[in-house]
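Quick look at query_1.txt (compact mmCIF, N, CA and C atoms):
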```txt
# COMPACT_ATOMS: atom_id res chain seq x y z
N MET A 289 193.91 16.10 -71.16
CA MET A 289 194.35 16.00 -72.54
C MET A 289 193.13 16.08 -73.44
N THR A 290 193.21 16.92 -74.43
CA THR A 290 192.12 17.05 -75.39
C THR A 290 192.34 16.08 -76.55
N LYS A 291 191.32 15.98 -77.39
CA LYS A 291 191.41 15.11 -78.55
C LYS A 291 192.55 15.57 -79.48
N ALA A 292 192.67 16.87 -79.67
CA ALA A 292 193.72 17.40 -80.53
C ALA A 292 195.11 17.08 -79.97
N GLU A 293 195.26 17.17 -78.67
CA GLU A 293 196.55 16.84 -78.04
C GLU A 293 196.85 15.35 -78.19
N LEU A 294 195.82 14.51 -78.07
CA LEU A 294 196.01 13.08 -78.25
C LEU A 294 196.41 12.75 -79.68
N VAL A 295 195.77 13.39 -80.64
CA VAL A 295 196.12 13.18 -82.05
C VAL A 295 197.56 13.60 -82.30
N ALA A 296 197.97 14.73 -81.75
CA ALA A 296 199.35 15.21 -81.92
C ALA A 296 200.35 14.23 -81.31
N ALA A 297 200.03 13.68 -80.13
CA ALA A 297 200.92 12.72 -79.48
C ALA A 297 201.00 11.43 -80.29
N MET A 298 199.87 10.98 -80.85
CA MET A 298 199.87 9.77 -81.67
C MET A 298 200.70 9.99 -82.94
N ALA A 299 200.58 11.15 -83.56
CA ALA A 299 201.33 11.44 -84.78
C ALA A 299 202.82 11.51 -84.50
N LYS A 300 203.18 11.99 -83.34
CA LYS A 300 204.59 12.09 -82.96
C LYS A 300 205.17 10.71 -82.64
N ALA A 301 204.38 9.84 -82.00
CA ALA A 301 204.86 8.52 -81.58
C ALA A 301 204.97 7.54 -82.74
N ALA A 302 204.08 7.66 -83.70
CA ALA A 302 204.08 6.72 -84.83
C ALA A 302 204.40 7.49 -86.11
N PRO A 303 205.01 6.82 -87.05
CA PRO A 303 205.29 7.52 -88.31
C PRO A 303 203.99 7.87 -89.02
N GLY A 304 203.90 9.07 -89.50
CA GLY A 304 202.70 9.50 -90.20
C GLY A 304 202.33 10.92 -89.80
N SER A 305 201.26 11.38 -90.40
CA SER A 305 200.83 12.75 -90.16
C SER A 305 199.73 12.80 -89.10
N LYS A 306 199.35 14.01 -88.76
CA LYS A 306 198.24 14.19 -87.82
C LYS A 306 196.93 13.71 -88.43
N VAL A 307 196.80 13.84 -89.73
CA VAL A 307 195.59 13.39 -90.42
C VAL A 307 195.45 11.87 -90.27
N CYS A 308 196.56 11.15 -90.46
CA CYS A 308 196.52 9.69 -90.30
C CYS A 308 196.21 9.30 -88.85
N ALA A 309 196.81 10.03 -87.92
CA ALA A 309 196.57 9.74 -86.51
C ALA A 309 195.12 10.01 -86.15
N GLU A 310 194.54 11.08 -86.70
CA GLU A 310 193.14 11.40 -86.40
C GLU A 310 192.21 10.34 -87.00
N ARG A 311 192.51 9.85 -88.20
CA ARG A 311 191.71 8.78 -88.79
C ARG A 311 191.78 7.52 -87.94
N ALA A 312 192.97 7.20 -87.45
CA ALA A 312 193.14 6.01 -86.61
C ALA A 312 192.34 6.16 -85.32
N LEU A 313 192.38 7.33 -84.71
CA LEU A 313 191.63 7.57 -83.48
C LEU A 313 190.13 7.46 -83.73
N HIS A 314 189.66 8.05 -84.84
CA HIS A 314 188.23 7.95 -85.17
C HIS A 314 187.81 6.50 -85.39
N ALA A 315 188.63 5.74 -86.09
CA ALA A 315 188.32 4.33 -86.34
C ALA A 315 188.26 3.56 -85.03
N PHE A 316 189.19 3.83 -84.13
CA PHE A 316 189.24 3.18 -82.82
C PHE A 316 187.97 3.48 -82.03
N VAL A 317 187.61 4.73 -81.94
CA VAL A 317 186.43 5.14 -81.17
C VAL A 317 185.15 4.60 -81.82
N ASP A 318 185.07 4.64 -83.15
CA ASP A 318 183.89 4.12 -83.84
C ASP A 318 183.70 2.64 -83.58
N GLU A 319 184.77 1.87 -83.57
CA GLU A 319 184.67 0.44 -83.30
C GLU A 319 184.21 0.17 -81.87
N ILE A 320 184.68 0.97 -80.92
CA ILE A 320 184.22 0.82 -79.54
C ILE A 320 182.72 1.12 -79.47
N PHE A 321 182.27 2.20 -80.11
CA PHE A 321 180.86 2.56 -80.13
C PHE A 321 180.02 1.42 -80.71
N ASP A 322 180.45 0.91 -81.87
CA ASP A 322 179.69 -0.15 -82.54
C ASP A 322 179.59 -1.41 -81.67
N SER A 323 180.69 -1.79 -81.05
CA SER A 323 180.68 -2.98 -80.19
C SER A 323 179.76 -2.78 -79.00
N LEU A 324 179.80 -1.61 -78.38
CA LEU A 324 178.95 -1.35 -77.23
C LEU A 324 177.48 -1.30 -77.63
N LYS A 325 177.18 -0.77 -78.81
CA LYS A 325 175.79 -0.75 -79.28
C LYS A 325 175.25 -2.16 -79.42
N ARG A 326 176.12 -3.10 -79.81
CA ARG A 326 175.71 -4.49 -79.95
C ARG A 326 175.71 -5.24 -78.62
N GLY A 327 176.13 -4.57 -77.55
CA GLY A 327 176.15 -5.19 -76.23
C GLY A 327 177.40 -6.01 -75.96
N ARG A 328 178.43 -5.84 -76.79
CA ARG A 328 179.67 -6.60 -76.62
C ARG A 328 180.68 -5.81 -75.81
N ARG A 329 181.54 -6.53 -75.12
CA ARG A 329 182.63 -5.91 -74.35
C ARG A 329 183.80 -5.61 -75.26
N VAL A 330 184.56 -4.57 -74.89
CA VAL A 330 185.80 -4.25 -75.59
C VAL A 330 186.89 -4.24 -74.53
N THR A 331 187.82 -5.19 -74.63
CA THR A 331 188.90 -5.30 -73.66
C THR A 331 190.22 -4.93 -74.33
N ILE A 332 190.92 -3.99 -73.73
CA ILE A 332 192.22 -3.56 -74.22
C ILE A 332 193.22 -3.89 -73.12
N GLY A 333 194.07 -4.88 -73.39
CA GLY A 333 195.02 -5.34 -72.39
C GLY A 333 195.91 -4.21 -71.88
N GLY A 334 196.05 -4.14 -70.57
CA GLY A 334 196.87 -3.11 -69.95
C GLY A 334 196.17 -1.77 -69.82
N PHE A 335 194.95 -1.65 -70.34
CA PHE A 335 194.22 -0.39 -70.26
C PHE A 335 192.92 -0.56 -69.51
N GLY A 336 192.04 -1.45 -70.01
CA GLY A 336 190.78 -1.67 -69.31
C GLY A 336 189.73 -2.27 -70.22
N THR A 337 188.49 -2.32 -69.71
CA THR A 337 187.38 -2.93 -70.42
C THR A 337 186.21 -1.96 -70.48
N PHE A 338 185.69 -1.78 -71.69
CA PHE A 338 184.46 -1.02 -71.90
C PHE A 338 183.34 -2.03 -71.97
N MET A 339 182.21 -1.75 -71.31
CA MET A 339 181.09 -2.67 -71.31
C MET A 339 179.78 -1.90 -71.18
N VAL A 340 178.68 -2.60 -71.40
CA VAL A 340 177.35 -2.01 -71.25
C VAL A 340 176.70 -2.67 -70.05
N SER A 341 176.16 -1.85 -69.15
CA SER A 341 175.44 -2.34 -67.98
C SER A 341 173.99 -1.93 -68.06
N LYS A 342 173.14 -2.71 -67.44
CA LYS A 342 171.72 -2.36 -67.37
C LYS A 342 171.47 -1.68 -66.03
N ARG A 343 170.84 -0.53 -66.10
CA ARG A 343 170.45 0.18 -64.89
C ARG A 343 168.95 -0.05 -64.70
N ALA A 344 168.59 -0.58 -63.56
CA ALA A 344 167.20 -0.95 -63.29
C ALA A 344 166.31 0.29 -63.14
N GLU A 345 165.02 0.08 -63.33
CA GLU A 345 164.05 1.14 -63.10
C GLU A 345 164.08 1.50 -61.62
N ARG A 346 163.94 2.79 -61.32
CA ARG A 346 164.03 3.21 -59.92
C ARG A 346 163.18 4.46 -59.68
N ASN A 347 163.00 4.75 -58.41
CA ASN A 347 162.26 5.94 -58.02
C ASN A 347 163.24 7.09 -57.87
N GLY A 348 162.78 8.29 -58.17
CA GLY A 348 163.59 9.48 -58.01
C GLY A 348 162.70 10.65 -57.62
N ARG A 349 163.30 11.81 -57.56
CA ARG A 349 162.56 13.03 -57.22
C ARG A 349 162.89 14.12 -58.22
N ASN A 350 161.88 14.85 -58.59
CA ASN A 350 162.09 16.03 -59.43
C ASN A 350 162.71 17.09 -58.52
N PRO A 351 163.92 17.54 -58.80
CA PRO A 351 164.57 18.50 -57.90
C PRO A 351 163.86 19.85 -57.82
N ARG A 352 163.13 20.21 -58.85
CA ARG A 352 162.44 21.49 -58.85
C ARG A 352 161.18 21.46 -58.01
N THR A 353 160.40 20.38 -58.14
CA THR A 353 159.11 20.33 -57.44
C THR A 353 159.12 19.42 -56.23
N GLY A 354 160.08 18.50 -56.16
CA GLY A 354 160.12 17.54 -55.06
C GLY A 354 159.17 16.37 -55.25
N LYS A 355 158.48 16.33 -56.38
CA LYS A 355 157.51 15.28 -56.67
C LYS A 355 158.24 13.98 -57.03
N ALA A 356 157.72 12.85 -56.53
CA ALA A 356 158.30 11.55 -56.82
C ALA A 356 158.06 11.21 -58.29
N ILE A 357 159.08 10.67 -58.96
CA ILE A 357 158.96 10.27 -60.35
C ILE A 357 159.56 8.87 -60.52
N ARG A 358 159.20 8.24 -61.62
CA ARG A 358 159.72 6.91 -61.95
C ARG A 358 160.79 7.09 -63.03
N ILE A 359 162.00 6.64 -62.76
CA ILE A 359 163.09 6.72 -63.73
C ILE A 359 163.15 5.36 -64.44
N PRO A 360 162.99 5.34 -65.77
CA PRO A 360 162.93 4.06 -66.48
C PRO A 360 164.27 3.34 -66.53
N ALA A 361 164.20 2.03 -66.77
CA ALA A 361 165.40 1.22 -66.93
C ALA A 361 166.13 1.67 -68.19
N THR A 362 167.45 1.53 -68.19
CA THR A 362 168.25 1.95 -69.33
C THR A 362 169.55 1.17 -69.39
N ARG A 363 170.21 1.26 -70.52
CA ARG A 363 171.54 0.67 -70.69
C ARG A 363 172.56 1.80 -70.65
N VAL A 364 173.65 1.63 -69.92
CA VAL A 364 174.66 2.68 -69.79
C VAL A 364 176.05 2.10 -70.06
N PRO A 365 176.93 2.89 -70.69
CA PRO A 365 178.30 2.43 -70.90
C PRO A 365 179.10 2.52 -69.60
N ARG A 366 180.00 1.57 -69.41
CA ARG A 366 180.86 1.55 -68.23
C ARG A 366 182.29 1.29 -68.67
N PHE A 367 183.23 1.69 -67.84
CA PHE A 367 184.63 1.41 -68.07
C PHE A 367 185.25 0.89 -66.79
N LYS A 368 185.94 -0.24 -66.89
CA LYS A 368 186.63 -0.81 -65.75
C LYS A 368 188.13 -0.78 -66.07
N PRO A 369 188.90 0.03 -65.35
CA PRO A 369 190.33 0.12 -65.64
C PRO A 369 191.07 -1.16 -65.25
N SER A 370 192.15 -1.44 -65.97
CA SER A 370 192.96 -2.62 -65.65
C SER A 370 193.79 -2.34 -64.40
N ARG A 371 194.32 -3.39 -63.85
CA ARG A 371 195.15 -3.26 -62.65
C ARG A 371 196.37 -2.39 -62.93
N SER A 372 196.99 -2.57 -64.10
CA SER A 372 198.19 -1.78 -64.42
C SER A 372 197.85 -0.30 -64.58
N LEU A 373 196.67 0.03 -65.11
CA LEU A 373 196.26 1.43 -65.20
C LEU A 373 196.03 2.02 -63.83
N LYS A 374 195.39 1.24 -62.96
CA LYS A 374 195.14 1.71 -61.59
C LYS A 374 196.44 2.01 -60.87
N THR A 375 197.42 1.11 -60.98
CA THR A 375 198.69 1.33 -60.29
C THR A 375 199.48 2.47 -60.90
N ALA A 376 199.34 2.70 -62.21
CA ALA A 376 200.06 3.81 -62.86
C ALA A 376 199.53 5.16 -62.39
N VAL A 377 198.24 5.21 -62.05
CA VAL A 377 197.64 6.47 -61.62
C VAL A 377 197.97 6.78 -60.16
N LEU A 378 198.21 5.74 -59.37
CA LEU A 378 198.53 5.95 -57.96
C LEU A 378 199.76 6.72 -57.85
```
Written form, structure tokens:
Amino acid sequence: MTKAELVAAMAKAAPGSKVCAERALHAFVDEIFDSLKRGRRVTIGGFGTFMVSKRAERNGRNPRTGKAIRIPATRVPRFKPSRSLKTAVL
């Protein structure tokens, strides 16, 4: 499903236009981004949890040269699906 398809489905499910649905989707995504930037979790009941994890510094290899390199520590976004989402996909 693309973003446009999601906006169309939201507009069909709720009263309003596609423009309103797109604004709502943008607001939703922006709030998730802002919360994750601050290091806070976002939990949506029945769907899952967005969180930030720390990835430790580690050794790696340059695939082109084969030379060992040091990959720095970083923060990465993660998503943990809820139990009901997992069972719906099965």
Fill in: Backbone DSSP call of alpha helix (DSSP H) for chain A, listed as number ranges by chain
A: 291-301, 306-325, 371-377
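From atom CA of A:Phe321 back to atom CA of A:Arg363, the distance works out to 13.4 Å.
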Item to complete: Just the residues within 8 Å of A:Arg358, please, counting all atoms listed in the file, with nothing from its chain fewer than 2 positions along; format it as a ChimeraX atom specification.
Response: /A:345-350,355-356,360-361
Discussion item. I need the residue nearest A:Phe338 from this list: A:Arg352, A:Lys306, A:Lys325, A:Arg366. Use only C-alpha atoms for the distance.
Written reply: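 The shortest atom-to-atom distance to A:Phe338 comes from A:Arg366.
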Please determine an axis-aligned box that encloses all atoms of stretch 334-346 of chain A listed in the file, with 8 Å added on each side, and express its centre and edge lengths in Å to one decimal as JSON.
```
{"center_x": 180.0, "center_y": 0.2, "center_z": -65.8, "size_x": 49.7, "size_y": 24.6, "size_z": 28.3}
```
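Pairwise distance (atom CA of A:Val295, atom CA of A:Leu313) equals 7.3 Å.
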Item to complete: Could you check how far atom CA of A:Lys291 sits from atom CA of A:Gly304, in Å to one decimal?
Response: 17.2 Å
Practice prompt. Give the answer as one residue: which of A:Gly354, A:Gly336, A:Gly327, A:Pro303 has the shortest atom-to-atom distance to A:Lys368, using only N, CA and C atoms?
Written response: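 Closest residue, counting only N, CA and C atoms: A:Gly336.
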Item to complete: Please identify which residues in chain A DSSP calls strand (DSSP E) from the backbone, and express them as a PyMOL selection string.
Response: chain A and resi 330-332+336-343+346-349+356-359+362-369
Fill in: A:Pro351, A:Thr362, A:Thr375, A:Thr331 ranked by distance to A:Glu319, top pick (using only C-alpha atoms)
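Among A:Pro351, A:Thr362, A:Thr375, A:Thr331, it is A:Thr331 that comes nearest to A:Glu319.
With distances taken over only N, CA and C atoms, A:Phe335 is the one residue among A:Ile357, A:Phe335, A:Arg343, A:Thr290 lying closest to A:Lys374.
Proximity ranking of A:Ala301, A:Ala312, A:Arg371, A:Pro365 relative to A:Ser341 places A:Pro365 first, based on all atoms listed in the file.
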